[in-house]
$ cat start_13.cif   # mmCIF, C-alpha atoms and all ligand atoms
data_my_file
loop_
_atom_site.label_atom_id
_atom_site.label_comp_id
_atom_site.auth_asym_id
_atom_site.auth_seq_id
_atom_site.Cartn_x
_atom_site.Cartn_y
_atom_site.Cartn_z
CA MET P 1 11.90 -2.29 -19.75
CA ILE P 2 8.86 -1.34 -21.83
CA SER P 3 8.95 -2.85 -25.28
CA VAL P 4 6.52 -1.43 -27.84
CA ALA P 5 5.81 -2.35 -31.45
CA ILE P 6 2.48 -0.95 -32.61
CA GLU P 7 0.69 0.11 -35.77
CA LYS P 8 -2.50 2.16 -35.85
CA LYS P 9 -4.34 3.88 -38.67
CA LEU P 10 -5.04 7.49 -37.79
CA LYS P 11 -8.28 9.10 -38.86
CA GLY P 12 -7.84 12.54 -40.26
CA TYR P 13 -4.07 12.80 -40.59
CA ALA P 14 -3.74 14.45 -44.03
CA GLY P 15 -6.32 11.97 -45.32
CA ALA P 16 -4.99 8.70 -43.99
CA GLY P 17 -1.82 8.10 -42.01
CA THR P 18 -0.42 5.26 -39.99
CA LEU P 19 1.20 5.61 -36.61
CA LYS P 20 4.07 3.13 -36.38
CA VAL P 21 6.24 2.97 -33.29
CA GLN P 22 8.84 0.37 -32.46
CA HIS P 23 10.85 1.28 -29.40
CA GLN P 24 12.21 0.03 -26.09
CA PHE P 25 12.16 2.26 -23.02
CA ALA P 26 14.73 1.31 -20.37
CA THR P 27 13.45 0.97 -16.80
CA GLY P 28 13.96 4.22 -14.90
CA SER P 29 14.60 6.28 -18.03
CA VAL P 30 12.94 9.54 -19.09
CA THR P 31 12.10 9.84 -22.80
CA ALA P 32 11.06 13.08 -24.50
CA ILE P 33 8.59 12.29 -27.29
CA HIS P 34 8.20 14.89 -30.00
CA GLY P 35 7.12 15.27 -33.61
CA PRO P 36 4.74 17.28 -35.80
CA SER P 37 1.26 18.23 -34.67
CA GLY P 38 -1.23 15.50 -35.54
CA ALA P 39 1.46 12.80 -35.91
CA GLY P 40 -0.11 10.67 -33.19
CA LYS P 41 1.89 11.45 -30.02
CA THR P 42 -1.21 11.60 -27.79
CA THR P 43 -2.61 8.51 -29.52
CA PHE P 44 0.66 6.69 -28.78
CA LEU P 45 0.43 7.49 -25.05
CA LYS P 46 -3.21 6.34 -25.02
CA ILE P 47 -2.20 3.05 -26.64
CA VAL P 48 0.44 2.47 -23.94
CA ALA P 49 -2.15 3.36 -21.28
CA GLY P 50 -4.74 0.97 -22.75
CA LEU P 51 -7.20 3.76 -23.55
CA THR P 52 -6.98 3.19 -27.31
CA SER P 53 -6.21 -0.01 -29.23
CA PRO P 54 -3.98 -0.32 -32.30
CA GLU P 55 -4.83 -2.67 -35.20
CA ASN P 56 -1.52 -4.47 -34.67
CA GLY P 57 0.73 -4.43 -31.70
CA LEU P 58 2.72 -5.98 -28.93
CA ILE P 59 3.51 -4.22 -25.67
CA THR P 60 5.45 -5.96 -22.92
CA VAL P 61 6.51 -4.49 -19.59
CA ASN P 62 9.21 -6.45 -17.76
CA GLU P 63 8.20 -9.68 -19.53
CA GLN P 64 4.49 -9.13 -18.73
CA VAL P 65 2.33 -8.89 -21.87
CA TRP P 66 0.07 -5.83 -21.74
CA LEU P 67 -1.08 -6.00 -25.35
CA ASP P 68 -0.78 -8.65 -27.99
CA THR P 69 -3.27 -8.15 -30.80
CA ALA P 70 -2.35 -11.51 -32.37
CA ARG P 71 -3.30 -13.35 -29.16
CA LYS P 72 -6.11 -10.92 -28.26
CA VAL P 73 -4.48 -9.88 -24.99
CA ASN P 74 -5.26 -6.32 -23.91
CA LEU P 75 -4.93 -5.36 -20.23
CA SER P 76 -7.31 -2.66 -19.01
CA PRO P 77 -5.94 0.75 -17.96
CA GLN P 78 -6.63 -0.21 -14.30
CA GLN P 79 -4.55 -3.39 -14.66
CA ARG P 80 -1.67 -1.37 -16.15
CA ARG P 81 -1.66 0.91 -13.09
CA LEU P 82 0.27 3.76 -14.58
CA GLY P 83 0.22 7.48 -13.98
CA PHE P 84 -1.26 9.57 -16.82
CA VAL P 85 -1.17 13.35 -17.06
CA PHE P 86 -3.72 14.34 -19.69
CA GLN P 87 -3.38 17.42 -21.86
CA ASP P 88 -6.69 18.75 -20.49
CA TYR P 89 -5.78 17.83 -16.85
CA ALA P 90 -9.01 15.79 -16.28
CA LEU P 91 -9.51 17.25 -12.78
CA PHE P 92 -12.71 16.83 -10.74
CA PRO P 93 -14.56 20.19 -10.47
CA ASN P 94 -15.99 19.53 -7.00
CA MET P 95 -12.85 18.15 -5.34
CA SER P 96 -10.25 20.20 -3.51
CA VAL P 97 -6.52 19.83 -4.11
CA THR P 98 -6.19 17.50 -1.09
CA GLU P 99 -9.24 15.47 -2.11
CA HIS P 100 -7.73 14.87 -5.56
CA MET P 101 -4.66 13.44 -3.88
CA GLN P 102 -6.61 11.42 -1.29
CA TYR P 103 -8.70 9.93 -4.08
CA ALA P 104 -5.49 8.35 -5.37
CA THR P 105 -3.68 7.40 -2.13
CA ASN P 106 -4.01 7.18 1.67
CA ASP P 107 -0.32 7.94 2.20
CA LYS P 108 -0.47 11.32 3.95
CA ASP P 109 3.30 11.84 4.09
CA TRP P 110 3.59 11.16 0.35
CA ILE P 111 0.74 13.62 -0.35
CA ASP P 112 2.45 16.31 1.77
CA TYR P 113 5.77 15.66 0.03
CA LEU P 114 4.25 15.92 -3.45
CA LEU P 115 2.21 19.06 -2.68
CA LYS P 116 5.36 20.73 -1.42
CA ALA P 117 7.36 19.60 -4.46
CA GLY P 118 4.65 21.10 -6.71
CA LYS P 119 4.25 24.24 -4.56
CA LEU P 120 0.56 23.62 -3.89
CA GLU P 121 0.87 23.15 -0.12
CA THR P 122 -0.87 26.47 0.61
CA LEU P 123 -3.79 25.77 -1.74
CA THR P 124 -4.96 22.43 -0.36
CA LYS P 125 -8.62 23.46 0.09
CA HIS P 126 -9.01 25.01 -3.35
CA GLN P 127 -11.14 23.42 -6.04
CA PRO P 128 -9.87 23.58 -9.67
CA ALA P 129 -12.00 26.64 -10.55
CA TYR P 130 -10.05 28.61 -7.90
CA LEU P 131 -6.64 27.55 -9.22
CA SER P 132 -4.69 29.19 -12.05
CA GLY P 133 -4.04 27.19 -15.23
CA GLY P 134 -0.49 26.45 -14.09
CA GLN P 135 -1.67 25.34 -10.63
CA GLN P 136 -4.27 23.04 -12.21
CA GLN P 137 -1.57 21.57 -14.42
CA ARG P 138 0.69 20.94 -11.42
CA LEU P 139 -2.19 19.28 -9.56
CA ALA P 140 -2.75 16.96 -12.56
CA ILE P 141 0.93 15.97 -12.43
CA LEU P 142 1.00 15.45 -8.64
CA ARG P 143 -2.23 13.44 -8.71
CA ALA P 144 -0.70 11.11 -11.32
CA LEU P 145 2.33 10.59 -9.06
CA ALA P 146 0.22 9.91 -5.96
CA ILE P 147 -0.15 6.18 -6.73
CA LYS P 148 3.66 5.85 -7.01
CA PRO P 149 3.39 4.53 -10.56
CA GLN P 150 6.19 2.52 -12.11
CA ILE P 151 5.30 4.06 -15.47
CA ILE P 152 4.34 7.70 -15.95
CA LEU P 153 2.89 9.09 -19.18
CA MET P 154 2.67 12.86 -19.52
CA ASP P 155 1.11 14.76 -22.42
CA GLU P 156 2.51 18.31 -22.70
CA PRO P 157 2.63 18.57 -18.89
CA PHE P 158 4.39 21.93 -18.66
CA SER P 159 2.53 23.92 -21.34
CA ALA P 160 0.79 26.28 -18.87
CA LEU P 161 3.88 27.04 -16.76
CA ASP P 162 6.23 30.00 -16.96
CA LYS P 163 9.89 29.23 -17.55
CA LEU P 164 11.03 29.60 -13.94
CA THR P 165 8.19 27.50 -12.47
CA LYS P 166 8.75 24.90 -15.18
CA ASN P 167 12.48 24.62 -14.52
CA GLU P 168 11.98 24.36 -10.74
CA LEU P 169 9.24 21.76 -11.13
CA ILE P 170 11.30 19.68 -13.56
CA ILE P 171 14.11 19.45 -10.98
CA GLU P 172 11.64 18.43 -8.23
CA LEU P 173 9.98 15.87 -10.51
CA SER P 174 13.32 14.44 -11.50
CA ALA P 175 13.95 13.63 -7.80
CA VAL P 176 10.50 12.00 -7.52
CA PHE P 177 11.12 9.90 -10.64
CA LYS P 178 14.44 8.71 -9.21
CA THR P 179 12.82 7.83 -5.86
CA LEU P 180 10.12 5.80 -7.60
CA LYS P 181 12.54 4.39 -10.23
CA SER P 182 9.78 5.22 -12.70
CA THR P 183 9.99 4.94 -16.45
CA VAL P 184 8.69 8.23 -17.84
CA LEU P 185 7.37 9.09 -21.31
CA VAL P 186 6.79 12.81 -21.86
CA VAL P 187 5.23 14.32 -24.98
CA THR P 188 6.63 17.78 -25.54
CA HIS P 189 6.75 20.29 -28.39
CA ASN P 190 10.04 21.47 -27.00
CA PRO P 191 12.43 18.60 -26.17
CA ASP P 192 15.06 21.17 -25.10
CA GLU P 193 13.04 21.97 -21.96
CA LEU P 194 13.64 18.38 -20.83
CA SER P 195 17.31 18.22 -21.76
CA ARG P 196 18.35 18.22 -18.08
CA ILE P 197 16.35 15.11 -17.21
CA ALA P 198 15.66 13.24 -20.47
CA ASP P 199 17.82 10.19 -21.18
CA GLU P 200 16.65 9.99 -24.76
CA GLU P 201 14.32 11.39 -27.39
CA LEU P 202 11.77 9.59 -29.55
CA TYR P 203 10.59 11.29 -32.73
CA ILE P 204 7.13 10.28 -33.93
CA SER P 205 5.83 11.05 -37.41
CA ALA P 206 2.82 9.35 -39.01
CA ILE P 207 3.44 7.83 -42.44
N1 LIG O 301 -8.66 6.68 -31.50
C1 LIG O 301 -8.25 7.17 -32.69
N2 LIG O 301 -8.29 6.40 -33.80
C2 LIG O 301 -7.83 6.86 -34.98
N3 LIG O 301 -7.36 8.11 -35.17
C3 LIG O 301 -7.31 8.92 -34.10
C4 LIG O 301 -7.73 8.50 -32.79
N4 LIG O 301 -7.55 9.53 -31.93
C5 LIG O 301 -7.06 10.54 -32.66
N5 LIG O 301 -6.91 10.19 -33.96
C6 LIG O 301 -6.36 11.00 -35.07
O1 LIG O 301 -4.96 10.87 -35.03
C7 LIG O 301 -4.33 12.09 -35.41
C8 LIG O 301 -3.25 12.39 -34.40
O2 LIG O 301 -3.82 12.87 -33.19
P1 LIG O 301 -2.95 13.03 -31.88
O3 LIG O 301 -3.74 13.87 -30.93
O4 LIG O 301 -2.49 11.72 -31.42
O5 LIG O 301 -1.70 13.85 -32.44
P2 LIG O 301 -0.53 14.62 -31.68
O6 LIG O 301 0.74 14.23 -32.35
O7 LIG O 301 -0.62 14.38 -30.21
O8 LIG O 301 -0.90 16.12 -32.01
P3 LIG O 301 -0.62 17.51 -31.21
O9 LIG O 301 0.87 17.69 -31.17
O10 LIG O 301 -1.30 18.52 -32.09
O11 LIG O 301 -1.25 17.36 -29.85
C9 LIG O 301 -5.42 13.13 -35.53
O12 LIG O 301 -5.64 13.36 -36.90
C10 LIG O 301 -6.64 12.47 -34.89
O13 LIG O 301 -7.82 12.84 -35.56
#
$ encode --input "start_13.cif" --output "structure tokens" --more "lines below"
Ligand SMILES: Nc1ncnc2c1ncn2[C@@H]1O[C@H](COP(=O)(O)OP(=O)(O)OP(=O)(O)O)[C@@H](O)[C@H]1O
Amino acid sequence: MISVAIEKKLKGYAGAGTLKVQHQFATGSVTAIHGPSGAGKTTFLKIVAGLTSPENGLITVNEQVWLDTARKVNLSPQQRRLGFVFQDYALFPNMSVTEHMQYATNDKDWIDYLLKAGKLETLTKHQPAYLSGGQQQRLAILRALAIKPQIILMDEPFSALDKLTKNELIIELSAVFKTLKSTVLVVTHNPDELSRIADEELYISAI
């Protein structure tokens, strides 16, 4: 269970806005996070990942305190060991598809399984510049899953995919999530696209 209660002032949201989220994410659940543009959805994921700090907040994961602003506890992103799929993919320009995966794990069978699930098994030697936008996006997702994370954060992970590819990938990913028993938080502008795998929705709006 991930328990989150955070408050962060946002710079630039219609002057001044505050992101306030109080929510519990059940272990193994998939949550579709949505809300208006600029409301702080990406900022929320970054707070959970430890990449941004809120003014006030408490985050616990299975009784372990990740963040407690009152007690000045704030685990680093490395200590949190979660999978993060960034909106801009954050791929390495000089690494091939396989090298991206090997950078994250030595488990060859797991790499082969993921590349097949994401239909990149024929493009293993390609660097990002030689992949389409949708293929780059799939590589970003598979790379995040390579470390077998217990918690997976994804920011608009299907935006570059056509409907068919998206639906097929969502089914494959759903099987991976179940295997890993991962808790998954997905920011999406279209919660309907996740209706087949999402256990719940969380609406975020800055106030
Ligand atoms: N570290 C930060 N500290 C304070 N404010 C921030 C920080 N990062 C971003 N912001 C501001 O917070 C607001 C929300 O940004 P964010 O990217 O989280 O929104 P979003 O809901 O993901 O938007 P979109 O749906 O358009 O991607 C923006 O106005 C941004 O300028």
$ residues_around --input "start_13.cif" --residues "P:Lys9" --least-positions-apart "2" --cutoff "12 Å" --atoms "only C-alpha atoms" --output "list in words"
Ile6, Glu7, Lys11, Gly12, Tyr13, Ala14, Gly15, Ala16, Gly17, Thr18, Leu19, Lys20, Val21, Ala39, Gly40, Thr43, Phe44, Thr52, Ser53, Pro54, Glu55, Asn56, Gly57, Ala206 and Ile207 of chain P
$ write_last_selection --input "start_13.cif" --atoms "C-alpha atoms" --output "compact mmCIF listing (two decimals), keeping the file's coordinate frame"
# COMPACT_ATOMS: atom_id res chain seq x y z
CA ILE P 6 2.48 -0.95 -32.61
CA GLU P 7 0.69 0.11 -35.77
CA LYS P 11 -8.28 9.10 -38.86
CA GLY P 12 -7.84 12.54 -40.26
CA TYR P 13 -4.07 12.80 -40.59
CA ALA P 14 -3.74 14.45 -44.03
CA GLY P 15 -6.32 11.97 -45.32
CA ALA P 16 -4.99 8.70 -43.99
CA GLY P 17 -1.82 8.10 -42.01
CA THR P 18 -0.42 5.26 -39.99
CA LEU P 19 1.20 5.61 -36.61
CA LYS P 20 4.07 3.13 -36.38
CA VAL P 21 6.24 2.97 -33.29
CA ALA P 39 1.46 12.80 -35.91
CA GLY P 40 -0.11 10.67 -33.19
CA THR P 43 -2.61 8.51 -29.52
CA PHE P 44 0.66 6.69 -28.78
CA THR P 52 -6.98 3.19 -27.31
CA SER P 53 -6.21 -0.01 -29.23
CA PRO P 54 -3.98 -0.32 -32.30
CA GLU P 55 -4.83 -2.67 -35.20
CA ASN P 56 -1.52 -4.47 -34.67
CA GLY P 57 0.73 -4.43 -31.70
CA ALA P 206 2.82 9.35 -39.01
CA ILE P 207 3.44 7.83 -42.44
$ closest_residue --input "start_13.cif" --among "P:Gln24, P:Thr31, P:Met1, P:Glu168" --to "P:Leu202" --atoms "all atoms listed in the file"
P:Thr31
$ residues_around --input "start_13.cif" --residues "P:Val61" --least-positions-apart "2" --cutoff "7 Å" --atoms "all atoms listed in the file" --output "JSON, numbers by chain"
{"P": [1, 2, 3, 59, 63, 64, 65, 66]}
$ closest_residue --input "start_13.cif" --among "P:His100, P:His189, P:Lys119, P:Arg138" --to "ligand LIG 301 (chain O)" --atoms "all atoms listed in the file"
P:His189
$ atom_distance --input "start_13.cif" --atom1 "atom CA of P:Gly28" --atom2 "atom CA of P:Lys148"
13.1 Å
$ residues_around --input "start_13.cif" --residues "P:Leu194" --least-positions-apart "2" --cutoff "12 Å" --atoms "only C-alpha atoms" --output "PyMOL selection string"
chain P and resi 30-34+156-158+163+166-171+173-174+184-192+196-201
$ write_last_selection --input "start_13.cif" --atoms "C-alpha atoms" --output "short mmCIF file (atom, residue, chain, number, x, y, z; two decimals), in the coordinates of the input"
data_model
loop_
_atom_site.label_atom_id
_atom_site.label_comp_id
_atom_site.auth_asym_id
_atom_site.auth_seq_id
_atom_site.Cartn_x
_atom_site.Cartn_y
_atom_site.Cartn_z
CA VAL P 30 12.94 9.54 -19.09
CA THR P 31 12.10 9.84 -22.80
CA ALA P 32 11.06 13.08 -24.50
CA ILE P 33 8.59 12.29 -27.29
CA HIS P 34 8.20 14.89 -30.00
CA GLU P 156 2.51 18.31 -22.70
CA PRO P 157 2.63 18.57 -18.89
CA PHE P 158 4.39 21.93 -18.66
CA LYS P 163 9.89 29.23 -17.55
CA LYS P 166 8.75 24.90 -15.18
CA ASN P 167 12.48 24.62 -14.52
CA GLU P 168 11.98 24.36 -10.74
CA LEU P 169 9.24 21.76 -11.13
CA ILE P 170 11.30 19.68 -13.56
CA ILE P 171 14.11 19.45 -10.98
CA LEU P 173 9.98 15.87 -10.51
CA SER P 174 13.32 14.44 -11.50
CA VAL P 184 8.69 8.23 -17.84
CA LEU P 185 7.37 9.09 -21.31
CA VAL P 186 6.79 12.81 -21.86
CA VAL P 187 5.23 14.32 -24.98
CA THR P 188 6.63 17.78 -25.54
CA HIS P 189 6.75 20.29 -28.39
CA ASN P 190 10.04 21.47 -27.00
CA PRO P 191 12.43 18.60 -26.17
CA ASP P 192 15.06 21.17 -25.10
CA ARG P 196 18.35 18.22 -18.08
CA ILE P 197 16.35 15.11 -17.21
CA ALA P 198 15.66 13.24 -20.47
CA ASP P 199 17.82 10.19 -21.18
CA GLU P 200 16.65 9.99 -24.76
CA GLU P 201 14.32 11.39 -27.39
#
$ atom_distance --input "start_13.cif" --atom1 "atom CA of P:Phe92" --atom2 "atom CA of P:Leu139"
10.9 Å
$ residues_around --input "start_13.cif" --residues "P:Asn94" --least-positions-apart "3" --cutoff "9 Å" --atoms "only C-alpha atoms" --output "PyMOL selection string"
chain P and resi 91+127-129
$ closest_residue --input "start_13.cif" --among "P:Thr179, P:Gln102, P:Ser159, P:Ser96" --to "ligand LIG 301 (chain O)" --atoms "all atoms listed in the file"
P:Ser159
$ atom_distance --input "start_13.cif" --atom1 "atom CA of P:Leu164" --atom2 "atom CA of P:Ser182"
24.4 Å
$ axis_aligned_box --input "start_13.cif" --around "stretch 145-160 of chain P" --padding-each-side "5 Å" --output "lines of an AutoDock Vina configuration file"
center_x = 3.0
center_y = 14.4
center_z = -14.3
size_x = 16.3
size_y = 33.8
size_z = 26.7
$ residues_near_point --input "start_13.cif" --point "(-1.2, 9.6, -12.9)" --cutoff "6 Å" --atoms "only C-alpha atoms" --output "PyMOL selection string"
chain P and resi 83-85+143-145
